$ cat run_15.pdb   # PDB, C-alpha atoms and all ligand atoms
MODEL        1
ATOM      1  CA  MET A   1     -38.347 113.711 116.464
ATOM      2  CA  ALA A   2     -38.270 116.636 118.884
ATOM      3  CA  PRO A   3     -38.656 114.819 122.247
ATOM      4  CA  LYS A   4     -35.898 112.373 121.286
ATOM      5  CA  ALA A   5     -33.627 115.228 120.239
ATOM      6  CA  ALA A   6     -34.360 117.056 123.479
ATOM      7  CA  GLN A   7     -33.637 113.901 125.422
ATOM      8  CA  ARG A   8     -30.323 113.506 123.606
ATOM      9  CA  ARG A   9     -29.368 117.065 124.392
ATOM     10  CA  ALA A  10     -30.330 116.490 128.016
ATOM     11  CA  VAL A  11     -28.199 113.365 128.240
ATOM     12  CA  LEU A  12     -25.246 115.111 126.677
ATOM     13  CA  ALA A  13     -25.747 118.000 129.069
ATOM     14  CA  GLY A  14     -25.866 115.484 131.905
ATOM     15  CA  LEU A  15     -22.586 113.965 130.860
ATOM     16  CA  LEU A  16     -21.080 117.387 130.460
ATOM     17  CA  ALA A  17     -22.470 119.127 133.559
ATOM     18  CA  ALA A  18     -19.866 121.531 134.821
ATOM     19  CA  THR A  19     -19.950 120.823 138.551
ATOM     20  CA  ALA A  20     -17.526 118.117 139.658
ATOM     21  CA  VAL A  21     -19.631 117.065 142.634
ATOM     22  CA  ALA A  22     -17.614 114.037 143.621
ATOM     23  CA  ALA A  23     -14.080 114.549 142.441
ATOM     24  CA  VAL A  24     -11.731 112.323 144.402
ATOM     25  CA  PRO A  25      -8.524 114.265 145.056
ATOM     26  CA  GLY A  26      -5.489 112.753 143.373
ATOM     27  CA  GLN A  27      -7.450 110.137 141.445
ATOM     28  CA  SER A  28      -6.983 111.725 138.051
ATOM     29  CA  ALA A  29      -3.198 112.147 138.233
ATOM     30  CA  PRO A  30      -1.275 108.950 137.270
ATOM     31  CA  PHE A  31      -2.381 106.587 134.523
ATOM     32  CA  ALA A  32      -2.768 103.348 136.441
ATOM     33  CA  LEU A  33      -4.091  99.981 135.269
ATOM     34  CA  VAL A  34      -5.556  97.547 137.786
ATOM     35  CA  GLU A  35      -5.140  93.809 137.039
ATOM     36  CA  ILE A  36      -8.461  92.305 138.130
ATOM     37  CA  ALA A  37      -7.699  88.800 136.754
ATOM     38  CA  PRO A  38      -4.672  87.322 134.940
ATOM     39  CA  GLY A  39      -4.292  89.226 131.658
ATOM     40  CA  LEU A  40      -7.326  91.441 132.298
ATOM     41  CA  LEU A  41      -6.563  95.023 133.252
ATOM     42  CA  VAL A  42      -8.859  97.942 133.927
ATOM     43  CA  TYR A  43      -8.331 101.687 133.862
ATOM     44  CA  PRO A  44     -10.833 102.955 136.450
ATOM     45  CA  GLY A  45     -12.457 106.211 135.287
ATOM     46  CA  VAL A  46     -12.806 109.006 137.804
ATOM     47  CA  HIS A  47     -16.188 110.151 139.121
ATOM     48  CA  GLU A  48     -15.904 113.618 137.673
ATOM     49  CA  ASP A  49     -17.341 115.528 134.769
ATOM     50  CA  PHE A  50     -15.131 116.143 131.740
ATOM     51  CA  SER A  51     -12.187 118.462 132.429
ATOM     52  CA  PRO A  52      -8.783 119.310 130.942
ATOM     53  CA  THR A  53      -7.234 117.603 133.995
ATOM     54  CA  ASN A  54      -8.934 114.224 133.506
ATOM     55  CA  ARG A  55      -8.674 114.435 129.684
ATOM     56  CA  GLY A  56     -12.064 112.719 129.421
ATOM     57  CA  GLY A  57     -10.941 109.737 131.511
ATOM     58  CA  ILE A  58     -14.219 109.280 133.346
ATOM     59  CA  ALA A  59     -15.241 105.804 132.104
ATOM     60  CA  ASN A  60     -13.726 102.413 132.911
ATOM     61  CA  LEU A  61     -11.620 100.929 130.096
ATOM     62  CA  ALA A  62     -10.393  97.321 129.868
ATOM     63  CA  ILE A  63      -7.478  95.508 128.250
ATOM     64  CA  ILE A  64      -7.527  91.767 127.598
ATOM     65  CA  ILE A  65      -4.245  90.053 126.773
ATOM     66  CA  GLY A  66      -4.257  86.722 124.917
ATOM     67  CA  ASP A  67      -1.332  84.563 123.717
ATOM     68  CA  ASP A  68      -1.369  86.188 120.265
ATOM     69  CA  ALA A  69      -3.072  89.550 120.585
ATOM     70  CA  VAL A  70      -4.538  92.265 122.785
ATOM     71  CA  ALA A  71      -8.073  93.638 122.762
ATOM     72  CA  VAL A  72      -9.011  97.007 124.217
ATOM     73  CA  VAL A  73     -12.564  97.623 125.429
ATOM     74  CA  ASP A  74     -13.433 101.299 124.927
ATOM     75  CA  ALA A  75     -10.957 103.935 123.899
ATOM     76  CA  GLY A  76     -11.319 106.701 126.479
ATOM     77  CA  GLY A  77     -12.588 110.247 126.289
ATOM     78  CA  SER A  78      -9.879 111.816 124.129
ATOM     79  CA  PRO A  79      -6.946 110.983 121.848
ATOM     80  CA  ALA A  80      -4.668 112.209 124.672
ATOM     81  CA  GLN A  81      -6.117 109.650 127.079
ATOM     82  CA  ALA A  82      -6.003 106.917 124.418
ATOM     83  CA  ARG A  83      -2.309 107.629 123.767
ATOM     84  CA  GLU A  84      -1.637 107.234 127.488
ATOM     85  CA  LEU A  85      -3.585 103.973 127.496
ATOM     86  CA  LEU A  86      -1.633 102.762 124.476
ATOM     87  CA  ALA A  87       1.658 103.591 126.236
ATOM     88  CA  ALA A  88       0.496 101.779 129.395
ATOM     89  CA  ILE A  89      -0.331  98.676 127.310
ATOM     90  CA  ARG A  90       3.021  98.883 125.536
ATOM     91  CA  ALA A  91       4.791  99.031 128.905
ATOM     92  CA  ARG A  92       3.097  95.752 129.778
ATOM     93  CA  THR A  93       3.178  93.676 126.551
ATOM     94  CA  ASP A  94       4.492  93.879 122.998
ATOM     95  CA  ARG A  95       1.707  91.680 121.586
ATOM     96  CA  PRO A  96      -0.213  93.439 118.799
ATOM     97  CA  ILE A  97      -3.348  95.385 119.677
ATOM     98  CA  ARG A  98      -5.573  93.772 117.079
ATOM     99  CA  HIS A  99      -9.021  94.712 118.325
ATOM    100  CA  LEU A 100     -10.873  97.713 119.750
ATOM    101  CA  LEU A 101     -14.290  96.776 121.125
ATOM    102  CA  LEU A 102     -16.594  99.777 121.571
ATOM    103  CA  THR A 103     -19.444  99.311 124.069
ATOM    104  CA  HIS A 104     -21.475 102.287 122.734
ATOM    105  CA  HIS A 105     -21.081 105.740 121.245
ATOM    106  CA  HIS A 106     -20.854 108.061 124.287
ATOM    107  CA  PRO A 107     -17.847 110.408 124.170
ATOM    108  CA  ASP A 108     -16.098 109.071 127.280
ATOM    109  CA  HIS A 109     -15.918 105.678 125.504
ATOM    110  CA  VAL A 110     -15.132 106.578 121.881
ATOM    111  CA  MET A 111     -13.299 109.894 121.539
ATOM    112  CA  GLY A 112      -9.911 108.165 121.708
ATOM    113  CA  ALA A 113     -10.823 105.448 119.177
ATOM    114  CA  VAL A 114      -8.863 107.010 116.314
ATOM    115  CA  VAL A 115      -5.596 106.289 118.170
ATOM    116  CA  PHE A 116      -6.253 102.519 118.152
ATOM    117  CA  HIS A 117      -7.649 102.640 114.608
ATOM    118  CA  LYS A 118      -4.397 104.217 113.413
ATOM    119  CA  ALA A 119      -2.424 101.635 115.422
ATOM    120  CA  GLY A 120      -4.079  98.955 113.260
ATOM    121  CA  ALA A 121      -6.862  97.650 115.531
ATOM    122  CA  ARG A 122     -10.046  96.275 113.960
ATOM    123  CA  ILE A 123     -13.075  97.989 115.420
ATOM    124  CA  TRP A 124     -16.047  96.039 116.742
ATOM    125  CA  GLY A 125     -19.372  97.507 117.796
ATOM    126  CA  HIS A 126     -23.145  97.178 117.777
ATOM    127  CA  LEU A 127     -24.733  97.101 114.326
ATOM    128  CA  ARG A 128     -26.269 100.495 115.140
ATOM    129  CA  LEU A 129     -22.988 102.052 116.334
ATOM    130  CA  PRO A 130     -22.060 103.554 112.931
ATOM    131  CA  SER A 131     -25.306 105.522 112.675
ATOM    132  CA  ALA A 132     -25.081 106.600 116.320
ATOM    133  CA  LEU A 133     -21.544 107.872 115.710
ATOM    134  CA  ALA A 134     -22.583 109.626 112.503
ATOM    135  CA  ASP A 135     -25.424 111.298 114.380
ATOM    136  CA  ARG A 136     -23.585 112.442 117.440
ATOM    137  CA  PHE A 137     -19.850 112.681 116.793
ATOM    138  CA  PRO A 138     -19.843 116.284 115.525
ATOM    139  CA  SER A 139     -21.653 117.589 118.620
ATOM    140  CA  TYR A 140     -19.513 115.470 120.937
ATOM    141  CA  ARG A 141     -16.344 116.736 119.271
ATOM    142  CA  ALA A 142     -17.442 120.371 119.658
ATOM    143  CA  ALA A 143     -18.296 119.784 123.324
ATOM    144  CA  MET A 144     -15.023 117.989 124.020
ATOM    145  CA  ASP A 145     -12.980 120.731 122.339
ATOM    146  CA  ARG A 146     -14.638 123.166 124.711
ATOM    147  CA  LEU A 147     -14.361 121.037 127.864
ATOM    148  CA  LEU A 148     -11.047 119.231 127.445
ATOM    149  CA  GLY A 149      -9.016 121.723 125.431
ATOM    150  CA  PRO A 150      -5.921 120.309 123.693
ATOM    151  CA  ALA A 151      -6.625 116.705 124.840
ATOM    152  CA  SER A 152      -9.357 116.329 122.208
ATOM    153  CA  VAL A 153      -7.250 117.475 119.248
ATOM    154  CA  GLY A 154      -7.353 114.867 116.480
ATOM    155  CA  ALA A 155     -10.536 113.083 117.648
ATOM    156  CA  GLU A 156     -12.276 111.558 114.625
ATOM    157  CA  PRO A 157     -15.122 109.117 114.075
ATOM    158  CA  VAL A 158     -13.885 105.621 113.209
ATOM    159  CA  PRO A 159     -15.283 102.959 110.874
ATOM    160  CA  VAL A 160     -16.855  99.902 112.518
ATOM    161  CA  ASP A 161     -15.159  96.939 110.805
ATOM    162  CA  GLU A 162     -17.058  94.194 112.643
ATOM    163  CA  PRO A 163     -20.706  94.981 113.382
ATOM    164  CA  VAL A 164     -22.515  92.792 115.918
ATOM    165  CA  ALA A 165     -26.281  92.282 115.579
ATOM    166  CA  VAL A 166     -28.758  91.736 118.407
ATOM    167  CA  GLY A 167     -29.369  88.008 118.856
ATOM    168  CA  GLN A 168     -26.201  87.067 116.943
ATOM    169  CA  PRO A 169     -23.258  87.026 119.369
ATOM    170  CA  ARG A 170     -19.793  87.036 117.794
ATOM    171  CA  ALA A 171     -16.766  85.073 118.977
ATOM    172  CA  LEU A 172     -13.251  86.456 118.972
ATOM    173  CA  ASP A 173     -10.084  84.617 120.064
ATOM    174  CA  LEU A 174      -6.956  86.472 121.203
ATOM    175  CA  GLY A 175      -4.985  83.198 121.339
ATOM    176  CA  GLY A 176      -6.138  80.856 124.104
ATOM    177  CA  ARG A 177      -8.423  83.661 125.178
ATOM    178  CA  PRO A 178     -11.911  83.410 123.658
ATOM    179  CA  LEU A 179     -14.265  86.354 123.991
ATOM    180  CA  GLU A 180     -17.976  86.643 123.245
ATOM    181  CA  LEU A 181     -19.389  89.946 122.011
ATOM    182  CA  ARG A 182     -23.086  90.516 122.406
ATOM    183  CA  ALA A 183     -25.271  93.361 121.140
ATOM    184  CA  TRP A 184     -28.362  94.301 123.141
ATOM    185  CA  PRO A 185     -31.790  95.795 122.399
ATOM    186  CA  THR A 186     -32.197  99.476 123.356
ATOM    187  CA  ALA A 187     -31.323 100.032 127.034
ATOM    188  CA  HIS A 188     -28.702 102.581 128.243
ATOM    189  CA  THR A 189     -28.446 103.564 124.553
ATOM    190  CA  ASP A 190     -29.592 102.015 121.280
ATOM    191  CA  CYS A 191     -26.147 100.508 120.604
ATOM    192  CA  ASP A 192     -24.993  98.760 123.802
ATOM    193  CA  LEU A 193     -22.463  95.931 123.460
ATOM    194  CA  THR A 194     -20.980  93.665 126.155
ATOM    195  CA  VAL A 195     -17.850  91.509 126.175
ATOM    196  CA  PHE A 196     -17.542  88.200 128.031
ATOM    197  CA  ASP A 197     -14.032  86.929 128.776
ATOM    198  CA  HIS A 198     -14.400  83.157 129.154
ATOM    199  CA  ALA A 199     -10.955  82.643 130.744
ATOM    200  CA  SER A 200     -11.648  84.867 133.732
ATOM    201  CA  ARG A 201     -15.466  84.577 133.618
ATOM    202  CA  THR A 202     -15.655  88.369 133.534
ATOM    203  CA  LEU A 203     -18.437  90.388 131.933
ATOM    204  CA  ILE A 204     -17.349  93.792 130.658
ATOM    205  CA  ALA A 205     -20.680  95.525 130.716
ATOM    206  CA  GLY A 206     -20.004  99.012 129.346
ATOM    207  CA  ASP A 207     -22.650 101.448 130.538
ATOM    208  CA  LEU A 208     -25.286  98.731 130.854
ATOM    209  CA  LEU A 209     -24.016  98.819 134.423
ATOM    210  CA  PHE A 210     -23.316 101.887 136.528
ATOM    211  CA  LEU A 211     -22.062 101.606 140.093
ATOM    212  CA  GLU A 212     -21.524 104.607 142.397
ATOM    213  CA  ARG A 213     -22.211 107.179 139.638
ATOM    214  CA  LEU A 214     -25.900 107.697 138.794
ATOM    215  CA  PRO A 215     -27.029 105.716 135.704
ATOM    216  CA  VAL A 216     -27.972 107.921 132.729
ATOM    217  CA  ILE A 217     -30.858 106.928 130.461
ATOM    218  CA  ASP A 218     -30.184 107.647 126.772
ATOM    219  CA  GLY A 219     -32.184 104.737 125.365
ATOM    220  CA  SER A 220     -35.151 103.201 127.158
ATOM    221  CA  LEU A 221     -35.910 102.772 130.865
ATOM    222  CA  VAL A 222     -38.253  99.845 130.198
ATOM    223  CA  GLY A 223     -35.772  98.353 127.756
ATOM    224  CA  TRP A 224     -32.895  98.711 130.217
ATOM    225  CA  LEU A 225     -34.821  96.891 132.966
ATOM    226  CA  ALA A 226     -35.625  94.068 130.529
ATOM    227  CA  VAL A 227     -31.997  93.841 129.367
ATOM    228  CA  MET A 228     -30.861  93.650 133.010
ATOM    229  CA  ASP A 229     -33.058  90.558 133.516
ATOM    230  CA  GLU A 230     -31.309  88.879 130.601
ATOM    231  CA  LEU A 231     -27.853  90.160 131.593
ATOM    232  CA  ALA A 232     -28.292  88.617 135.051
ATOM    233  CA  ARG A 233     -28.194  85.194 133.391
ATOM    234  CA  VAL A 234     -24.682  85.709 131.991
ATOM    235  CA  PRO A 235     -22.568  83.101 133.850
ATOM    236  CA  ALA A 236     -19.916  85.568 135.029
ATOM    237  CA  ALA A 237     -18.078  85.609 138.361
ATOM    238  CA  ARG A 238     -17.417  89.342 138.192
ATOM    239  CA  VAL A 239     -18.288  92.398 136.157
ATOM    240  CA  VAL A 240     -16.411  95.466 134.984
ATOM    241  CA  PRO A 241     -18.998  98.279 135.070
ATOM    242  CA  GLY A 242     -18.832 101.227 132.670
ATOM    243  CA  HIS A 243     -18.570 103.515 135.686
ATOM    244  CA  GLY A 244     -17.669 102.512 139.231
ATOM    245  CA  PRO A 245     -14.979 100.271 140.735
ATOM    246  CA  PRO A 246     -12.736  98.265 138.354
ATOM    247  CA  ALA A 247     -14.646  95.070 139.196
ATOM    248  CA  ALA A 248     -17.587  93.852 141.265
ATOM    249  CA  SER A 249     -19.340  90.564 142.059
ATOM    250  CA  TRP A 250     -21.838  89.270 139.554
ATOM    251  CA  PRO A 251     -24.827  89.346 139.405
ATOM    252  CA  GLU A 252     -25.090  91.066 142.810
ATOM    253  CA  ALA A 253     -23.653  94.246 141.260
ATOM    254  CA  LEU A 254     -26.910  94.767 139.343
ATOM    255  CA  ALA A 255     -28.893  95.424 142.529
ATOM    256  CA  PRO A 256     -28.284  99.156 143.180
ATOM    257  CA  GLN A 257     -28.972 100.126 139.544
ATOM    258  CA  ARG A 258     -32.088  97.944 139.428
ATOM    259  CA  HIS A 259     -33.306  99.558 142.654
ATOM    260  CA  TYR A 260     -32.802 103.050 141.227
ATOM    261  CA  LEU A 261     -34.385 102.354 137.826
ATOM    262  CA  GLU A 262     -37.364 100.427 139.240
ATOM    263  CA  ALA A 263     -38.068 103.170 141.795
ATOM    264  CA  LEU A 264     -37.793 105.798 139.056
ATOM    265  CA  ALA A 265     -40.256 103.909 136.849
ATOM    266  CA  ALA A 266     -42.678 103.458 139.762
ATOM    267  CA  ALA A 267     -42.524 107.140 140.789
ATOM    268  CA  VAL A 268     -43.044 108.381 137.237
ATOM    269  CA  ARG A 269     -45.917 105.946 136.564
ATOM    270  CA  ARG A 270     -47.601 107.102 139.803
ATOM    271  CA  ALA A 271     -47.247 110.731 138.736
ATOM    272  CA  ILE A 272     -48.675 110.033 135.264
ATOM    273  CA  ARG A 273     -51.612 108.047 136.689
ATOM    274  CA  SER A 274     -52.462 110.837 139.118
ATOM    275  CA  GLY A 275     -52.402 113.431 136.346
ATOM    276  CA  ARG A 276     -49.257 115.282 137.475
ATOM    277  CA  THR A 277     -47.531 117.095 134.649
ATOM    278  CA  LEU A 278     -43.830 116.684 134.014
ATOM    279  CA  SER A 279     -43.165 120.235 135.202
ATOM    280  CA  ALA A 280     -45.080 119.594 138.441
ATOM    281  CA  LEU A 281     -43.034 116.439 138.970
ATOM    282  CA  LEU A 282     -39.752 118.231 138.302
ATOM    283  CA  ALA A 283     -40.731 121.080 140.633
ATOM    284  CA  ASP A 284     -40.891 118.626 143.541
ATOM    285  CA  PRO A 285     -39.081 115.476 142.447
ATOM    286  CA  PRO A 286     -38.777 112.361 144.591
ATOM    287  CA  PRO A 287     -35.087 111.827 145.468
ATOM    288  CA  PRO A 288     -33.113 109.121 143.650
ATOM    289  CA  ALA A 289     -33.381 105.685 145.278
ATOM    290  CA  GLY A 290     -29.969 104.718 146.670
ATOM    291  CA  ASP A 291     -26.679 106.540 147.196
ATOM    292  CA  TRP A 292     -25.372 107.970 143.941
ATOM    293  CA  LEU A 293     -22.718 110.435 142.893
ATOM    294  CA  LEU A 294     -23.384 113.123 140.256
ATOM    295  CA  SER A 295     -27.154 112.839 140.660
ATOM    296  CA  THR A 296     -28.044 116.534 141.037
ATOM    297  CA  ASP A 297     -28.526 117.171 137.332
ATOM    298  CA  ASN A 298     -28.816 113.633 136.012
ATOM    299  CA  HIS A 299     -31.696 112.460 138.203
ATOM    300  CA  PRO A 300     -34.122 115.146 136.905
ATOM    301  CA  ARG A 301     -32.933 114.409 133.360
ATOM    302  CA  ASN A 302     -33.664 110.720 133.855
ATOM    303  CA  MET A 303     -37.074 111.622 135.228
ATOM    304  CA  THR A 304     -37.787 113.669 132.112
ATOM    305  CA  ALA A 305     -36.693 110.807 129.844
ATOM    306  CA  ALA A 306     -38.771 108.323 131.851
ATOM    307  CA  TYR A 307     -41.868 110.543 131.781
ATOM    308  CA  LYS A 308     -41.676 110.962 128.007
ATOM    309  CA  GLU A 309     -41.290 107.229 127.546
ATOM    310  CA  LEU A 310     -43.903 106.067 130.065
ATOM    311  CA  GLU A 311     -46.686 108.559 129.261
ATOM    312  CA  TRP A 312     -47.371 106.550 126.101
ATOM    313  CA  GLU A 313     -47.857 103.214 127.879
TER     314      GLU A 313
HETATM  315 ZN    ZN B   1     -22.808 105.807 128.300
ENDMDL
END
$ encode --input "run_15.pdb" --output "structure tokens"
Amino acid sequence: MAPKAAQRRAVLAGLLAATAVAAVPGQSAPFALVEIAPGLLVYPGVHEDFSPTNRGGIANLAIIIGDDAVAVVDAGGSPAQARELLAAIRARTDRPIRHLLLTHHHPDHVMGAVVFHKAGARIWGHLRLPSALADRFPSYRAAMDRLLGPASVGAEPVPVDEPVAVGQPRALDLGGRPLELRAWPTAHTDCDLTVFDHASRTLIAGDLLFLERLPVIDGSLVGWLAVMDELARVPAARVVPGHGPPAASWPEALAPQRHYLEALAAAVRRAIRSGRTLSALLADPPPPAGDWLLSTDNHPRNMTAAYKELEWE
């Protein structure tokens, strides 16, 4: 359907926008893992757009180490970044990397997946992840080749060995380290998956939670707000957001994103009720609620997505 396709292109464009508004000097240089709880490490993605320098490393990635095995949550934005992640894990433990858990299909989370697939990891994802990858991977690969250069060489779509359905959480044990994988109804995207690490009471939220960097809507604004209500009930002590610091307090960390998305929905509903067209709204848009990085292009794109969704209410 045309509006959906346009929205997808807009979201991709948002992810790929060329201006690195909030690059933090020095942040993209060394590959550093932060241990946020015993056996739970996070690679904090930089708040930049894709570039050859960051090799697509703009999303947070997590590693969970059990007594028998290691699980990796999201594979990074390129095979080059994934190889660095693999080396960083190997420097830390020789336990086998048995599982790659993909939180959704966006390029900063999946373009390195082939590296872990070839290393023997089983791949887990939302039941709808395979079709999302089939749909989008070719355009993501072309964009990454252009934006990252050699870092994206070898990126391939991967099979999803263990699909997770909405309403049917799956358990996975790394050896004294049980995890729960949960698939969600359409929110940030139509294939969002979260991981709960019981041992550390940590929720790894993927892009169902953005901190610091403006949330991007590629699924449903109304759906995302509803999913956040349910997410808030997850009994976690902390969260690893898809973008933002390596960890934050839970459920307090939901507040800034909720504030932004609720204000966006309210502003767009007001505009629709008063008969303002989308172009009139975009010509004089209300600013994003809250302090966000990389909002210049993404806020108007979110407004467009919200308008197209809410005009049919
Ligand atoms: Zn995403």
$ closest_atom_pairs --input "run_15.pdb" --of "chain A" --to "ligand ZN 1 (chain B)" --cutoff "9 Å" --atoms "only C-alpha atoms and all ligand atoms" --output "tab-separated table"
residue	atom	partner	partner_atom	distance
A:Leu15	CA	B:ZN1	ZN	8.6
A:Ala59	CA	B:ZN1	ZN	8.5
A:Thr103	CA	B:ZN1	ZN	8.5
A:His104	CA	B:ZN1	ZN	6.7
A:His105	CA	B:ZN1	ZN	7.3
A:His106	CA	B:ZN1	ZN	5.0
A:Pro107	CA	B:ZN1	ZN	7.9
A:Asp108	CA	B:ZN1	ZN	7.5
A:His109	CA	B:ZN1	ZN	7.4
A:His188	CA	B:ZN1	ZN	6.7
A:Thr189	CA	B:ZN1	ZN	7.1
A:Asp192	CA	B:ZN1	ZN	8.6
A:Gly206	CA	B:ZN1	ZN	7.4
A:Asp207	CA	B:ZN1	ZN	4.9
A:Leu208	CA	B:ZN1	ZN	7.9
A:Pro215	CA	B:ZN1	ZN	8.5
A:Val216	CA	B:ZN1	ZN	7.1
A:Ile217	CA	B:ZN1	ZN	8.4
A:Asp218	CA	B:ZN1	ZN	7.8
A:Gly242	CA	B:ZN1	ZN	7.5
A:His243	CA	B:ZN1	ZN	8.8
$ closest_residue --input "run_15.pdb" --among "A:Leu133, A:Leu214, A:Leu101, A:Val268" --to "Lys308 (chain A)" --atoms "only C-alpha atoms"
A:Val268
$ resolve_selection --input "run_15.pdb" --expression "the PyMOL selection byres (((chain A and resi 119-124) around 12) and not hetatm)" --output "PyMOL selection string"
chain A and resi 69-75+82-83+86-87+90+96-105+110+112-118+125-130+157-165+169-172+180-183+191-195
$ atom_distance --input "run_15.pdb" --atom1 "CA of Ala226 (chain A)" --atom2 "CA of Thr186 (chain A)"
9.6 Å
$ closest_residue --input "run_15.pdb" --among "A:Ile204, A:Leu231, A:Leu147, A:Met111" --to "Pro246 (chain A)" --atoms "only C-alpha atoms"
A:Ile204
$ resolve_selection --input "run_15.pdb" --expression "the PyMOL selection byres (((chain A and resi 306) around 9) and not hetatm)" --output "PyMOL selection string"
chain A and resi 217+220-222+264-265+268-269+301-305+307-311
$ residues_around --input "run_15.pdb" --residues "Gly223 (chain A)" --least-positions-apart "4" --cutoff "9 Å" --atoms "all atoms listed in the file" --output "ChimeraX atom specification"
/A:185-188,219,227-228
$ atom_distance --input "run_15.pdb" --atom1 "CA of Glu262 (chain A)" --atom2 "CA of Leu225 (chain A)"
7.6 Å
$ axis_aligned_box --input "run_15.pdb" --around "region 289-295 of chain A" --padding-each-side "5 Å" --output "AutoDock Vina command-line options"
--center_x -28.0 --center_y 108.9 --center_z 143.7 --size_x 20.7 --size_y 18.4 --size_z 16.9
$ atom_distance --input "run_15.pdb" --atom1 "CA of Ser131 (chain A)" --atom2 "CA of Val46 (chain A)"
28.3 Å
